[in-house]
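Student: Input file: work_7.cif. Contents: mmCIF, C-alpha atoms; chains and numbers go by the auth columns.
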data_coords
#
loop_
_atom_site.group_PDB
_atom_site.id
_atom_site.type_symbol
_atom_site.label_atom_id
_atom_site.label_comp_id
_atom_site.label_asym_id
_atom_site.label_seq_id
_atom_site.Cartn_x
_atom_site.Cartn_y
_atom_site.Cartn_z
_atom_site.B_iso_or_equiv
_atom_site.auth_seq_id
_atom_site.auth_asym_id
ATOM 1 C CA MET A 1 -49.019 -87.973 171.028 0.00 1 A
ATOM 2 C CA GLU A 2 -51.767 -86.182 169.098 0.00 2 A
ATOM 3 C CA ASN A 3 -49.297 -84.662 166.657 0.00 3 A
ATOM 4 C CA GLU A 4 -47.313 -87.820 166.063 0.00 4 A
ATOM 5 C CA LYS A 5 -46.926 -88.683 162.407 0.00 5 A
ATOM 6 C CA ILE A 6 -46.401 -91.972 160.705 0.00 6 A
ATOM 7 C CA GLU A 7 -45.104 -92.710 157.284 0.00 7 A
ATOM 8 C CA ILE A 8 -46.933 -95.028 154.955 0.00 8 A
ATOM 9 C CA SER A 9 -46.294 -95.802 151.329 0.00 9 A
ATOM 10 C CA LYS A 10 -48.737 -94.641 148.683 0.00 10 A
ATOM 11 C CA SER A 11 -49.474 -98.264 147.716 0.00 11 A
ATOM 12 C CA GLU A 12 -50.266 -99.207 151.345 0.00 12 A
ATOM 13 C CA LEU A 13 -52.614 -96.219 151.651 0.00 13 A
ATOM 14 C CA ALA A 14 -54.307 -97.182 148.390 0.00 14 A
ATOM 15 C CA GLU A 15 -54.758 -100.728 149.734 0.00 15 A
ATOM 16 C CA ILE A 16 -56.351 -99.367 152.932 0.00 16 A
ATOM 17 C CA TYR A 17 -58.785 -97.231 150.898 0.00 17 A
ATOM 18 C CA LYS A 18 -59.596 -100.210 148.680 0.00 18 A
ATOM 19 C CA ARG A 19 -60.358 -102.311 151.768 0.00 19 A
ATOM 20 C CA LEU A 20 -62.561 -99.560 153.253 0.00 20 A
ATOM 21 C CA ASP A 21 -64.521 -99.299 149.995 0.00 21 A
ATOM 22 C CA SER A 22 -64.990 -103.070 149.981 0.00 22 A
ATOM 23 C CA LEU A 23 -66.214 -103.068 153.588 0.00 23 A
ATOM 24 C CA ALA A 24 -68.634 -100.220 152.868 0.00 24 A
ATOM 25 C CA ALA A 25 -70.046 -102.123 149.875 0.00 25 A
ATOM 26 C CA ASP A 26 -70.398 -105.302 151.966 0.00 26 A
ATOM 27 C CA ASN A 27 -72.137 -103.324 154.707 0.00 27 A
ATOM 28 C CA GLU A 28 -74.669 -101.842 152.256 0.00 28 A
ATOM 29 C CA PHE A 29 -75.331 -105.291 150.801 0.00 29 A
ATOM 30 C CA LEU A 30 -75.912 -106.830 154.229 0.00 30 A
ATOM 31 C CA LYS A 31 -78.263 -104.009 155.230 0.00 31 A
ATOM 32 C CA SER A 32 -80.309 -104.485 152.072 0.00 32 A
ATOM 33 C CA VAL A 33 -80.786 -108.249 152.540 0.00 33 A
ATOM 34 C CA ALA A 34 -81.120 -108.263 156.328 0.00 34 A
ATOM 35 C CA ASP A 35 -84.075 -110.006 157.891 0.00 35 A
ATOM 36 C CA LYS A 36 -85.981 -107.044 159.355 0.00 36 A
ATOM 37 C CA LYS A 37 -87.357 -109.060 162.257 0.00 37 A
ATOM 38 C CA ALA A 38 -83.880 -110.284 163.192 0.00 38 A
ATOM 39 C CA VAL A 39 -82.570 -106.716 163.028 0.00 39 A
ATOM 40 C CA ALA A 40 -85.391 -105.540 165.302 0.00 40 A
ATOM 41 C CA LEU A 41 -84.665 -108.333 167.780 0.00 41 A
ATOM 42 C CA TYR A 42 -80.978 -107.359 167.739 0.00 42 A
ATOM 43 C CA TYR A 43 -81.888 -103.758 168.542 0.00 43 A
ATOM 44 C CA GLN A 44 -84.193 -104.995 171.286 0.00 44 A
ATOM 45 C CA ARG A 45 -81.246 -106.825 172.915 0.00 45 A
ATOM 46 C CA HIS A 46 -78.667 -104.081 172.268 0.00 46 A
ATOM 47 C CA LYS A 47 -80.453 -100.878 173.181 0.00 47 A
ATOM 48 C CA GLU A 48 -77.353 -98.710 173.002 0.00 48 A
ATOM 49 C CA VAL A 49 -76.959 -99.280 169.241 0.00 49 A
ATOM 50 C CA ILE A 50 -80.495 -98.340 168.199 0.00 50 A
ATOM 51 C CA PRO A 51 -80.166 -95.772 165.430 0.00 51 A
ATOM 52 C CA PRO A 52 -81.695 -92.352 166.121 0.00 52 A
ATOM 53 C CA ARG A 53 -83.348 -92.368 162.687 0.00 53 A
ATOM 54 C CA VAL A 54 -85.636 -95.155 161.498 0.00 54 A
ATOM 55 C CA ASN A 55 -88.194 -95.680 158.746 0.00 55 A
ATOM 56 C CA ILE A 56 -91.868 -96.439 159.129 0.00 56 A
ATOM 57 C CA ARG A 57 -94.191 -97.552 156.360 0.00 57 A
ATOM 58 C CA ALA A 58 -97.197 -95.845 154.820 0.00 58 A
ATOM 59 C CA LEU A 59 -99.696 -96.804 152.165 0.00 59 A
ATOM 60 C CA ASP A 60 -102.086 -94.825 149.990 0.00 60 A
ATOM 61 C CA VAL A 61 -105.583 -96.205 150.639 0.00 61 A
ATOM 62 C CA ALA A 62 -109.098 -95.054 149.799 0.00 62 A
ATOM 63 C CA ASN A 63 -111.025 -93.215 152.500 0.00 63 A
ATOM 64 C CA GLU A 64 -114.829 -93.248 153.018 0.00 64 A
ATOM 65 C CA LYS A 65 -115.276 -90.812 150.095 0.00 65 A
ATOM 66 C CA GLY A 66 -113.154 -92.936 147.783 0.00 66 A
ATOM 67 C CA GLU A 67 -110.255 -90.454 147.817 0.00 67 A
ATOM 68 C CA MET A 68 -106.715 -91.806 148.105 0.00 68 A
ATOM 69 C CA VAL A 69 -105.041 -90.744 151.361 0.00 69 A
ATOM 70 C CA GLU A 70 -101.738 -91.702 152.953 0.00 70 A
ATOM 71 C CA LYS A 71 -102.029 -93.726 156.148 0.00 71 A
ATOM 72 C CA VAL A 72 -99.155 -94.846 158.348 0.00 72 A
ATOM 73 C CA ILE A 73 -98.962 -98.578 159.056 0.00 73 A
ATOM 74 C CA LEU A 74 -98.599 -99.321 162.778 0.00 74 A
ATOM 75 C CA GLY A 75 -98.323 -103.097 162.445 0.00 75 A
ATOM 76 C CA TRP A 76 -99.094 -106.104 160.284 0.00 76 A
ATOM 77 C CA ARG A 77 -99.602 -109.832 160.413 0.00 77 A
ATOM 78 C CA THR A 78 -99.824 -112.645 157.911 0.00 78 A
ATOM 79 C CA VAL A 79 -103.354 -114.079 157.710 0.00 79 A
ATOM 80 C CA GLU A 80 -102.840 -116.454 154.799 0.00 80 A
ATOM 81 C CA ASN A 81 -99.654 -118.080 153.578 0.00 81 A
ATOM 82 C CA GLU A 82 -100.101 -120.911 151.090 0.00 82 A
ATOM 83 C CA VAL A 83 -97.320 -121.891 148.705 0.00 83 A
ATOM 84 C CA TRP A 84 -97.635 -124.897 146.409 0.00 84 A
ATOM 85 C CA LYS A 85 -96.354 -126.374 143.187 0.00 85 A
ATOM 86 C CA ASP A 86 -98.919 -126.556 140.390 0.00 86 A
ATOM 87 C CA PRO A 87 -98.992 -130.228 139.328 0.00 87 A
ATOM 88 C CA GLN A 88 -99.948 -129.381 135.731 0.00 88 A
ATOM 89 C CA THR A 89 -97.381 -126.667 134.989 0.00 89 A
ATOM 90 C CA GLY A 90 -94.730 -127.346 137.612 0.00 90 A
ATOM 91 C CA ALA A 91 -94.771 -123.628 138.499 0.00 91 A
ATOM 92 C CA TRP A 92 -94.803 -122.463 142.098 0.00 92 A
ATOM 93 C CA ARG A 93 -97.995 -120.698 143.172 0.00 93 A
ATOM 94 C CA GLU A 94 -98.634 -118.631 146.267 0.00 94 A
ATOM 95 C CA LYS A 95 -101.574 -117.126 148.049 0.00 95 A
ATOM 96 C CA GLN A 96 -100.247 -114.770 150.699 0.00 96 A
ATOM 97 C CA THR A 97 -102.359 -112.174 152.465 0.00 97 A
ATOM 98 C CA VAL A 98 -101.399 -109.632 155.115 0.00 98 A
ATOM 99 C CA GLU A 99 -103.557 -107.606 157.457 0.00 99 A
ATOM 100 C CA LEU A 100 -102.334 -104.053 158.060 0.00 100 A
ATOM 101 C CA LEU A 101 -103.224 -101.996 161.138 0.00 101 A
ATOM 102 C CA MET A 102 -103.388 -98.364 160.060 0.00 102 A
ATOM 103 C CA GLU A 103 -102.875 -95.224 162.145 0.00 103 A
ATOM 104 C CA ASP A 104 -106.634 -94.555 162.298 0.00 104 A
ATOM 105 C CA LYS A 105 -107.136 -98.083 163.744 0.00 105 A
ATOM 106 C CA SER A 106 -108.662 -99.323 160.472 0.00 106 A
ATOM 107 C CA VAL A 107 -107.546 -102.682 159.118 0.00 107 A
ATOM 108 C CA VAL A 108 -106.627 -103.285 155.481 0.00 108 A
ATOM 109 C CA LYS A 109 -106.256 -106.782 154.022 0.00 109 A
ATOM 110 C CA MET A 110 -104.215 -107.147 150.873 0.00 110 A
ATOM 111 C CA ASP A 111 -102.080 -109.489 148.841 0.00 111 A
ATOM 112 C CA LEU A 112 -98.505 -109.578 150.189 0.00 112 A
ATOM 113 C CA LEU A 113 -96.963 -108.881 146.790 0.00 113 A
ATOM 114 C CA ASN A 114 -99.155 -105.791 146.271 0.00 114 A
ATOM 115 C CA TYR A 115 -98.287 -104.567 149.753 0.00 115 A
ATOM 116 C CA VAL A 116 -94.556 -104.927 149.113 0.00 116 A
ATOM 117 C CA ARG A 117 -94.894 -103.071 145.806 0.00 117 A
ATOM 118 C CA GLN A 118 -97.039 -100.231 147.144 0.00 118 A
ATOM 119 C CA PHE A 119 -95.837 -99.232 150.601 0.00 119 A
ATOM 120 C CA LYS A 120 -93.409 -96.357 150.982 0.00 120 A
ATOM 121 C CA TYR A 121 -90.866 -95.568 153.658 0.00 121 A
ATOM 122 C CA ILE A 122 -91.151 -92.454 155.793 0.00 122 A
ATOM 123 C CA PRO A 123 -88.031 -91.319 157.697 0.00 123 A
ATOM 124 C CA CYS A 124 -88.557 -90.613 161.387 0.00 124 A
ATOM 125 C CA GLU A 125 -86.532 -89.539 164.370 0.00 125 A
ATOM 126 C CA ARG A 126 -86.667 -91.732 167.461 0.00 126 A
ATOM 127 C CA THR A 127 -87.577 -89.564 170.454 0.00 127 A
ATOM 128 C CA ALA A 128 -88.058 -92.269 173.102 0.00 128 A
ATOM 129 C CA VAL A 129 -87.897 -96.006 173.717 0.00 129 A
ATOM 130 C CA ILE A 130 -90.789 -97.579 175.604 0.00 130 A
ATOM 131 C CA LYS A 131 -90.364 -100.999 177.218 0.00 131 A
ATOM 132 C CA ASP A 132 -93.178 -103.236 178.432 0.00 132 A
ATOM 133 C CA GLU A 133 -92.142 -104.369 181.920 0.00 133 A
ATOM 134 C CA VAL A 134 -94.061 -107.644 181.670 0.00 134 A
ATOM 135 C CA THR A 135 -93.160 -108.890 178.169 0.00 135 A
ATOM 136 C CA GLY A 136 -89.899 -107.003 177.662 0.00 136 A
ATOM 137 C CA GLU A 137 -91.053 -105.865 174.212 0.00 137 A
ATOM 138 C CA GLN A 138 -90.022 -102.428 173.032 0.00 138 A
ATOM 139 C CA ALA A 139 -91.741 -99.689 171.095 0.00 139 A
ATOM 140 C CA PHE A 140 -90.412 -96.430 169.733 0.00 140 A
ATOM 141 C CA LYS A 141 -91.907 -93.014 170.058 0.00 141 A
ATOM 142 C CA LEU A 142 -91.182 -91.481 166.652 0.00 142 A
ATOM 143 C CA ARG A 143 -91.503 -88.081 165.012 0.00 143 A
ATOM 144 C CA ARG A 144 -91.866 -87.852 161.248 0.00 144 A
ATOM 145 C CA LEU A 145 -89.152 -85.725 159.705 0.00 145 A
ATOM 146 C CA ASP A 146 -91.457 -84.316 157.012 0.00 146 A
ATOM 147 C CA ASN A 147 -94.405 -83.083 159.104 0.00 147 A
ATOM 148 C CA GLY A 148 -93.542 -83.627 162.792 0.00 148 A
ATOM 149 C CA LYS A 149 -96.456 -85.990 163.491 0.00 149 A
ATOM 150 C CA GLU A 150 -95.702 -88.460 166.287 0.00 150 A
ATOM 151 C CA TYR A 151 -96.373 -92.197 166.533 0.00 151 A
ATOM 152 C CA ILE A 152 -95.680 -95.070 168.894 0.00 152 A
ATOM 153 C CA ILE A 153 -94.717 -98.177 166.918 0.00 153 A
ATOM 154 C CA GLY A 154 -93.341 -101.546 168.000 0.00 154 A
ATOM 155 C CA VAL A 155 -89.671 -102.215 167.235 0.00 155 A
ATOM 156 C CA LEU A 156 -90.649 -105.054 164.896 0.00 156 A
ATOM 157 C CA PHE A 157 -92.507 -102.648 162.594 0.00 157 A
ATOM 158 C CA VAL A 158 -89.799 -100.091 161.815 0.00 158 A
ATOM 159 C CA ASN A 159 -87.171 -100.112 159.080 0.00 159 A
#
Take the structure in the file and give it back as structure tokens.
Tutor:
Amino acid sequence: MENEKIEISKSELAEIYKRLDSLAADNEFLKSVADKKAVALYYQRHKEVIPPRVNIRALDVANEKGEMVEKVILGWRTVENEVWKDPQTGAWREKQTVELLMEDKSVVKMDLLNYVRQFKYIPCERTAVIKDEVTGEQAFKLRRLDNGKEYIIGVLFVN
């Protein structure tokens, strides 16, 4: 059975390749627009499909001496989320602020738009999955691929 051969026309093979290329493009599009929280919840429900490589986020922030240093973000929450239409101009306005919990347990507050523009992704390898027996929430034990440093980060805060 392993060495069985089938015949297929060149046009049919071309059509199969065309379809595969289309599916790959659709897959990339869907990954790029996916709701990250929904993806995390999916992984939480389907443990066997959790990818072995994930991304965490880091931000360059000033330390006590005023020097810019990279800090890994362990979690975040929205502390202000106001969106309104300016009655004079008709333009939409927003005041959105997030609070970031950094690896050194410091907290950084910043405008959501600045956060989205400034953070960078750091690829990591998942070494373990930790599940809270009471709440059912999951966290990953991760190892950075660039320097080997390890972190424990909630599923909702990766990728």
Student: Using the chain letters and numbers from the file, which residues does the PyMOL selection byres ((chain A and resi 58-73) around 8) grab, as a tab-separated table (two decimals) with C-alpha atoms, in the coordinates of the input?
Tutor:
chain	number	residue	atom	x	y	z
A	56	ILE	CA	-91.87	-96.44	159.13
A	57	ARG	CA	-94.19	-97.55	156.36
A	74	LEU	CA	-98.60	-99.32	162.78
A	75	GLY	CA	-98.32	-103.10	162.44
A	76	TRP	CA	-99.09	-106.10	160.28
A	100	LEU	CA	-102.33	-104.05	158.06
A	101	LEU	CA	-103.22	-102.00	161.14
A	102	MET	CA	-103.39	-98.36	160.06
A	103	GLU	CA	-102.88	-95.22	162.15
A	104	ASP	CA	-106.63	-94.56	162.30
A	118	GLN	CA	-97.04	-100.23	147.14
A	119	PHE	CA	-95.84	-99.23	150.60
A	120	LYS	CA	-93.41	-96.36	150.98
A	121	TYR	CA	-90.87	-95.57	153.66
A	122	ILE	CA	-91.15	-92.45	155.79
Student: I want to know what sits within 8 Å of segment 131-139 of chain A, based on all atoms listed in the file, with residues of the same chain fewer than 6 positions away left out; could you give that as a list of chain:residue names?
Tutor: A:Gln44, A:Ile152, A:Ile153, A:Gly154, A:Val155
Student: Could you turn the residues from that selection into a file that holds C-alpha atoms, as an mmCIF file, keeping the file's coordinate frame?
Tutor:
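Below is the file that was written, result.cif:
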data_model
loop_
_atom_site.group_PDB
_atom_site.id
_atom_site.type_symbol
_atom_site.label_atom_id
_atom_site.label_comp_id
_atom_site.auth_asym_id
_atom_site.auth_seq_id
_atom_site.Cartn_x
_atom_site.Cartn_y
_atom_site.Cartn_z
ATOM 1 C CA GLN A 44 -84.193 -104.995 171.286
ATOM 2 C CA ILE A 152 -95.680 -95.070 168.894
ATOM 3 C CA ILE A 153 -94.717 -98.177 166.918
ATOM 4 C CA GLY A 154 -93.341 -101.546 168.000
ATOM 5 C CA VAL A 155 -89.671 -102.215 167.235
#
Student: Please provide as a PyMOL selection string all residues within 12 Å of Asp111 of chain A, with the sequence filter that same-chain residues fewer than 6 positions apart are discarded (counting only C-alpha atoms).
Tutor: chain A and resi 77-82+94-100+117-118
Student: So for segment 135-142 of chain A, what box centre and size do we get, axis-aligned, 3 Å extra on each of the six sides, every listed atom, Å to one decimal, as AutoDock Vina command-line options?
Tutor:
--center_x -91.5 --center_y -100.2 --center_z 172.4 --size_x 9.3 --size_y 23.4 --size_z 17.5
Student: Atom CA of Asn159 of chain A and atom CA of Met110 of chain A, how far apart in Å?
Tutor: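 Computing it gives 20.2 Å between the two atoms.
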Student: What is the atom CA of Glu125 of chain A-atom CA of Gly148 of chain A distance in Å, reported with one decimal?
Tutor: 9.3 Å
Student: Atom CA of Val158 of chain A and atom CA of Asp146 of chain A, how far apart in Å?
Tutor: 16.6 Å
Student: As a check of understanding, name the residues that the PyMOL selection byres ((chain A and resi 150) around 10) selects in the supplied structure, as number ranges by chain.
Tutor: A: 124-127, 141-145, 147-149, 151-153
Student: Would it be fine to have segment 38-136 of chain A, with C-alpha atoms, given as a short mmCIF file (atom, residue, chain, number, x, y, z; two decimals), in the first residue's frame?
Tutor:
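Result went into selection_32.cif, see below:
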data_model
loop_
_atom_site.label_atom_id
_atom_site.label_comp_id
_atom_site.auth_asym_id
_atom_site.auth_seq_id
_atom_site.Cartn_x
_atom_site.Cartn_y
_atom_site.Cartn_z
CA ALA A 38 -10.51 34.10 22.39
CA VAL A 39 -7.44 32.23 21.14
CA ALA A 40 -6.16 31.88 24.71
CA LEU A 41 -9.54 30.58 25.88
CA TYR A 42 -9.53 28.07 23.00
CA TYR A 43 -6.10 26.82 24.06
CA GLN A 44 -7.33 26.63 27.65
CA ARG A 45 -10.16 24.29 26.54
CA HIS A 46 -8.07 22.30 24.04
CA LYS A 47 -4.82 21.62 25.86
CA GLU A 48 -3.51 19.17 23.29
CA VAL A 49 -3.28 21.85 20.58
CA ILE A 50 -1.27 24.41 22.55
CA PRO A 51 1.70 25.36 20.40
CA PRO A 52 5.14 24.62 21.87
CA ARG A 53 6.33 28.11 20.91
CA VAL A 54 4.55 31.29 21.99
CA ASN A 55 5.33 34.99 22.18
CA ILE A 56 5.44 37.17 25.26
CA ARG A 57 5.61 40.95 25.28
CA ALA A 58 8.32 43.30 26.50
CA LEU A 59 8.65 47.05 26.72
CA ASP A 60 11.61 49.39 27.05
CA VAL A 61 11.03 51.48 30.18
CA ALA A 62 13.18 53.81 32.27
CA ASN A 63 14.77 52.38 35.40
CA GLU A 64 15.56 54.30 38.64
CA LYS A 65 18.64 55.87 36.98
CA GLY A 66 16.65 56.99 33.96
CA GLU A 67 18.26 54.39 31.67
CA MET A 68 16.04 52.52 29.22
CA VAL A 69 15.87 48.79 30.01
CA GLU A 70 13.78 45.98 28.57
CA LYS A 71 11.21 44.51 30.94
CA VAL A 72 8.93 41.57 30.23
CA ILE A 73 5.21 42.20 30.70
CA LEU A 74 3.56 39.53 32.86
CA GLY A 75 0.02 40.88 32.59
CA TRP A 76 -2.12 43.92 31.91
CA ARG A 77 -5.53 45.39 32.53
CA THR A 78 -7.54 48.29 31.20
CA VAL A 79 -7.97 51.03 33.82
CA GLU A 80 -9.66 53.64 31.64
CA ASN A 81 -11.70 53.16 28.50
CA GLU A 82 -13.67 56.19 27.34
CA VAL A 83 -14.74 56.58 23.72
CA TRP A 84 -16.96 59.45 22.60
CA LYS A 85 -17.92 61.52 19.60
CA ASP A 86 -16.81 65.15 19.75
CA PRO A 87 -20.00 67.20 19.28
CA GLN A 88 -18.13 70.10 17.64
CA THR A 89 -16.04 68.19 15.09
CA GLY A 90 -17.95 64.93 14.80
CA ALA A 91 -14.64 63.05 15.25
CA TRP A 92 -14.37 60.07 17.55
CA ARG A 93 -12.17 60.61 20.60
CA GLU A 94 -10.78 58.04 23.01
CA LYS A 95 -9.05 58.01 26.34
CA GLN A 96 -7.77 54.49 26.94
CA THR A 97 -5.21 53.60 29.58
CA VAL A 98 -3.67 50.25 30.46
CA GLU A 99 -1.77 49.15 33.54
CA LEU A 100 1.13 46.79 32.85
CA LEU A 101 2.57 44.39 35.43
CA MET A 102 6.28 44.05 34.71
CA GLU A 103 8.62 41.17 35.53
CA ASP A 104 10.15 43.09 38.46
CA LYS A 105 6.62 43.53 39.93
CA SER A 106 6.59 47.23 39.03
CA VAL A 107 3.47 48.68 37.44
CA VAL A 108 3.51 50.97 34.41
CA LYS A 109 0.47 52.99 33.33
CA MET A 110 0.35 54.18 29.75
CA ASP A 111 -1.92 55.16 26.91
CA LEU A 112 -3.20 52.07 25.07
CA LEU A 113 -2.14 53.38 21.67
CA ASN A 114 1.43 54.03 22.87
CA TYR A 115 1.56 50.57 24.41
CA VAL A 116 0.44 48.92 21.17
CA ARG A 117 3.03 50.90 19.21
CA GLN A 118 5.93 50.25 21.59
CA PHE A 119 5.77 46.69 22.87
CA LYS A 120 7.78 43.99 21.15
CA TYR A 121 7.27 40.25 20.91
CA ILE A 122 9.78 37.82 22.38
CA PRO A 123 9.63 34.19 21.19
CA CYS A 124 9.57 31.59 23.95
CA GLU A 125 9.39 27.85 24.30
CA ARG A 126 6.65 26.42 26.50
CA THR A 127 8.22 24.06 29.03
CA ALA A 128 5.18 23.34 31.23
CA VAL A 129 1.49 24.05 31.66
CA ILE A 130 0.29 24.95 35.15
CA LYS A 131 -3.40 24.67 36.02
CA ASP A 132 -5.09 26.23 39.04
CA GLU A 133 -7.22 23.46 40.55
CA VAL A 134 -9.76 25.89 41.99
CA THR A 135 -10.35 28.32 39.09
CA GLY A 136 -9.27 26.09 36.20
#
